[in-house]
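Visitor: Provided herewith is a single structure, encoded as structure tokens, for subsequent inquiry.
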Amino acid sequence: MSTWIDIASLEDIPQRGARVVKTSRGCVAVFRTAEDEVFALNNACPHKAGPLAEGIVHGKSVTCPLHNWVISLETGTAEGEDEGSVATYPARVEDGRILLDQSFLRARAAA
Amino acid sequence: MARKLVVIGAGMATGRALEHLTEGQPDGWDITLFNAEPRGNYNRIMLSPVLSGEKTYAEIVTHDDAWYDQQGITCRFGERVARIDRAAKTVTAENGDVLAYDKLLFGTGSNPFIIPLPGHDLEGVIAYRDLEDTQRMMSLGPDNRVVVIGGGLLGLEAAAGMAARGVDVTVVHIMGHLMERQLDEAAGYLLRKALVEKGITVRCSANSKEILGQEGHVRALLLDDGTELPCDLLVMAVGIRPNTALANAAGIATGRGIHVDDQMITSDPDVLAVGECVEHDGALFGLVAPLYDQAKVAAQTLLGQDAAFVQRELSTKLKVTGCDLFSAGDFAEGEGREDIVFRDPARGVYRRLVIENNIVIGAVMYGDTADSNWFFGLIRDKTDIAEMRETLIFGPAYQGGTPPDPLAAVVALPRDAEICGCNGICKGQIEDAIAAGASDLGTVRATTKASGSCGTCTGLVEQVLAVTLGDAFVIPAAQSVCGCTELAHEDVRRMIKSQRLTSMPAVWQECGWKTSCGCHICRPALNFYLLADWPLEYRDDPQSRFINERKHANIQKDGTFSVVPRMWGGITTPDELRAIADAADKYAVPTVKVTGGQRIDLLGVRGEDLPDIWADLNAAGMVSGHAYAKGLRTVKTCVGTDHCRFGTQDSTGLGIKLEKELWGAWTPHKLKLAVSGCPRNCAEATCKDIGVVCVDSGYQISIGGAAGMDVRETELLVQVPTEEDAINVIKAVTQLYRENAKYLDRIYKWMGKVGFDWIRERISDDPDERAALVARFELSQSLYRKDPWAEHASQKAESYKPLANLSLEAAE
Ligand code: SRM
Ligand SMILES: Cc1cc2nc3c(=O)[nH]c(=O)nc-3n(C[C@H](O)[C@H](O)[C@H](O)COP(=O)(O)OP(=O)(O)OC[C@H]3O[C@@H](n4cnc5c(N)ncnc54)[C@H](O)[C@@H]3O)c2cc1C
Ligand code: SF4
Ligand code: FES
């Protein structure tokens with residue numbers, strides 16, 4: 001069962017940008033693409049935990065700011081030669097508001 | 001026996017003729033040179049830079065006493081020739097001396113025209129022709145007001161020169177726009193705007209009526225419409241009249257000027273004339289290029305050689321710093337004539353070509369005149385431009401039609417032509433290495449060392465491989481920017497400029513990007529290129545910047561940031577140090593480190609604290625040190641004359657000035673400078689991107705050093721006498737670098753590609769281009785010379801905070 005909670009306005013994140021949501025178990029990075037889709041990923045690169053929210057967003061990917069791994073926003077997996085993946089969370093936009101699924105965030109907190 | 005030559009006038013034309021003559025026949029002539037001015041030949045053209053303070057008189061002397069002495073020329077400076085007796089073949093000097101001549105050469109130049117307005121003979125009404133006029137203008141300062149009548153070349157140079165000295169100048173011009181003989185209205189408009197920005201008042205379509213005086217001295221100019229323009233000096237620059245009086249009195253044929261034939265001989269076979277005083281085939285002359293041709297012909301005629309003067313197409317440039325204009329040929333509109341116009345309002349650039357039957361017959365350029373010689377060549381040679389019509393207006397760099405074939409040039413090189421300068425390797429040695437089995441760059445490099453050092457000659461070595469091996473060797477294509485495009489950086493830059501691409505989507509579209517919105521490799525590069533080429537139109541895109549530049553701090557391995565405030569030239573104060581210490585305490589900064597760049601790094605600051613720590617540092621007067629930027633980093637200095645017993649100049653002061661002028665400027669890669677007070681070079685200036693070493697006589701500016709992954713010494717670009725020159729040279733180099741280099745090339749890498757000489761020609765050999773570069777640098781800096789920390793702390797602080805905090809909720 002999903003319980004969507006209102007996080008912020010879509011406008012609070014720049015296009016091709018990201019911001020973090022703090023949880024008790026670390027940060028979740030919320031991305032906004034040029035097409036106004038939103039994605040939520042753990043804010044820790046599978047390589048050396050680089051803060052993905054600070055990366056450059058292109059298409060549906062983000063490049064980690066520390067060593068340039070490219071991570072898919074849809075699947076959380078590293079693209080190209082690199083191997084690894086990061087947890088993703090349901091996220092959507094409704095009436096210009098960003099919604100995250102609380103049950104998933106909770107599950108994460110409990111994990 | 002040497003024949004007697006008497007020369008009347010030691011001006012630019014006769015000066016050149018004497019050079020040719022004494023070179024051709026050192027002992028053939030016994031020469032006496034009269035000059036009404038109390039001095040020998042100087043570069044009259046350069047009076048304008050003398051007026052504005054950019055040059056001194058000593059620098060513009062063409063022939064000094066030693067030169068005349070060496071040539072055995074008898075100088076009678078400050079003496080006029082009063083009379084000529086052609087039957088007796090003698091001239092009479094003002095003091096009554098009579099001298100015989102075999103040949104007589106006229107070079108009396110011209111007289112400035114003075115409009116006979118009531119009051120024109122008042123004291124304080126002058127023309128602009130010689131050193132005396134110039135000195136008169138130079139004696140004025142900020143307390144003075146001047147009116148210049150005439151908005152042509154001379155009037156504007158006089159006005160700008162005086163304005164540069166702080167004088168309150170008004171230009172009164174009778175026509176609707178400035179320099180109407182050389183410029184069309186649009187260019188006249190841009191010129192006027194630039195002059196107004198220099199603080200000059202410009203009144204066009206203004207008719208002068210009377211010069212008003214007080215006790216015999218000029219007081220004001222009265223216009224037709226009743227306006228009174230008060231002034232301490234009135235400069236009339238409304239035209240010149242050939243100085244023919246003496247020739248006329250001697251019965252030599254004159255019209256508007258002294259008549260000469262193609263050999264520069266007047267109606268008297270023993271009398272020649274050159275310069276502004278002559279009339280040839282109905283034409284008069286007011287620029288030096290044709291006078292130099294005449295001078296050469298006259299010398300040849302005297303030497304008994306066959307030569308004929310041919311009139312050529314002329315071009316005009318204005319020597320006012322920051323106003324780059326060029327005009328040549330005929331640019332009036334007319335039937336069968338077409339225009340190609342290019343405007344770039346942001347850069348203040350205007351180009352117009354007038355074309356008739358596929359031939360360029362006129363060109364007007366304002367703002368960017370770098371290509372003017374090329375266009376002038378098209379006009380002069382009547383080149384058929386049908387093939388390159390589409391891209392013509394962008395200049396020679398964009399002409400695909402007739403590319404000079406580099407391979408043909410390499411084929412033509414002899415075996416002993418040096419290819420690799422670093423290692424002294426000639427073409428023949430490379431050919432031998434290839435004959436011995438080397439088949440690619442790597443093996444040639446391994447066996448001969450060619451291109452193994454600085455790498456500048458890599459392309460040449462590849463070309464030798466290509467012509468020697470034929471089809472067996474394919475020159476590697478330039479590498480593309482990234483996977484999003486086939487194009488190389490250079491291609492993209494060219495497209496951005498030539499197609500006026502001013503946004504990222506336009507680049508993606510026109511260059512056929514394969515991805516929807518680029519990637520982390522191309523976007524920062526494009527963002528820089530657009531910013532560098534269209535500073536006013538393009539808005540910086542933070543989302544296309546690496547995090548360090550987006551958040552104006554360096555990201556650390558644990559996601560925290562480092563904060564480095566600027567310490568101008570490495571100078572700080574107890575108050576600043578206290579504020580840094582307080583900030584370190586307040587934000588629990590784990591590490592405080594002195595950097596290699598003469599300032600202090602606060603390492604380990606949390607991202608969300610950035611706006612607050614910046615606000616605190618701002619409050620103490622500190623700004624961003626851009627330690628994160630592909631832009632100006634530090635200007636290292638040594639103590640210089642302030643304290644050091646060896647210091648020759650104020651190196652610390654110059655370092656601070658440079659940092660204040662350049663900070664905030666975005667460049668292809670980081671830009672580091674240093675200024676050392678003497679050649680002991682304690683600031684390590686000779687391993688920086690741009691280094692200044694002060695010496696007694698000025699400032700040695702060198703470029704292309706490195707001390708990171710590569711270690712390289714700088715190369716000396718130029719030595720200049722003043723701080724102001726040094727700053728301008730450095731601004732110009734920086735601008736040239738950012739307009740041309742590939743993103744992420746430091747200056748030394750860029751220099752390796754374009755060649756040091758290419759840079760030097762533009763910076764130290766061409767004052768016009770240097771000034772234009774400085775102007776464009778300034779234009780861009782008018783937007784970027786500011787503190788991003790202050791802006792982010794006050795306007796964007798919110799974006800540094802988490803979007804939401806669910807930590808409490810999730811914990812419940
Ligand atoms: C802080 C400092 C080291 C120090 O503790 O002294 C430093 C720290 C870094 N340098 Fe440096 N460099 C520092 C002076 C230098 C110097 C010495 C100098 O400037 O006089 C050099 C050699 C000179 C040169 O630039 O050629 C230097 C050559 C490099 C290079 C190699 C550049 C090259 O083209 O060869 C890099 C890598 C790069 O830029 O791509 C680099 C990159 C870095 C980065 C930005 C690495 C990164 O991307 O995270 C480091 C950031 C640390 C941080 O988080 O703050 N740093 N770095 C120095 C800051 C100076 C300042 O006040 O701004
Ligand atoms: C401020 C200024 C800026 C200029 N800028 C440019 C420019 O950017 N580009 C360009 O192409 N041109 C420029 N010109 C024009 C250029 O300087 C002249 O075309 C050139 O100097 C003319 O050379 P000349 O030898 O014919 O005459 P001059 O150089 O004027 O020399 C004539 C000399 O003859 C002397 N003389 C006259 N009568 C007698 C006599 N009876 N007895 C003895 N001596 C006599 C005069 O005193 C004078 O010194 C400029 C001129 C001025 C004044
Ligand atoms: S040399 Fe520079 S880049 Fe390397 S670890 Fe030290 S600070 Fe970092
Ligand atoms: S931590 Fe992300 S690439 Fe290394």
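All residue names refer to the structure tokens as shown: chains lettered A, B, ... in order, residues numbered from 1 in each chain, ligands numbered from 1 in order.
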Please, which residues of chain A lie no more than 10 Å from chain B when the count uses only C-alpha atoms, and can they be set out as an NGL selection string?
Guide: :A and (6-9 or 12-30 or 33-34 or 44 or 48-68 or 70 or 102-103 or 105-110)
Visitor: What's around Leu325 (chain B) at 9 Å? Count only C-alpha atoms, leave out sequence neighbours fewer than 6 positions away in its own chain, and write the answer as a PyMOL selection string.
Guide: chain B and resi 183+187+191+316-319+364-369
Visitor: Mind listing the residues within 9 Å of ligand 1, only C-alpha atoms and all ligand atoms counted, as a count of residues only?
Guide: 56
Visitor: Hey, which residues come within 7 Å of ligand 2 if we count only C-alpha atoms and all ligand atoms? Could you give them as a ChimeraX atom specification?
Guide: /B:8-14,34-37,44-48,79-82,107-110,128-130,154,243,246,274-277,285-289,291,316-319
Visitor: Skipping near chain neighbours, those fewer than 4 positions away, what residues fall within 10 Å of Val93 (chain A) using only C-alpha atoms, listed as a list in words?
Guide: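 Skipping anything fewer than 4 positions along the chain leaves Asp6, Ala8, Ser9, Leu10, Asp36, Glu37, Val38, Phe39, Arg97, Ile98, Leu99 and Leu100 of chain A.
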Visitor: For region 238-240 of chain B, work out the shell of residues within 12 Å, counting only C-alpha atoms and skipping chain neighbours fewer than 6 positions away, then give it as a ChimeraX atom specification.
Guide: /B:109-116,126-129,148-156,158,171-175,179,181,208,256-257,276-277,284-287
Visitor: Within 12 Å of Gly282 (chain B), counting only C-alpha atoms, which residues qualify if same-chain residues fewer than 5 places away don't, as a ChimeraX atom specification?
Guide: /B:254-261,311
Visitor: Looking at only C-alpha atoms, which of A:Ile5, A:Ser85, A:Leu41, A:Ile71 is the one that sits closest to Asp101 (chain A)?
Guide: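 Under the stated criterion, the closest residue is A:Ile5.
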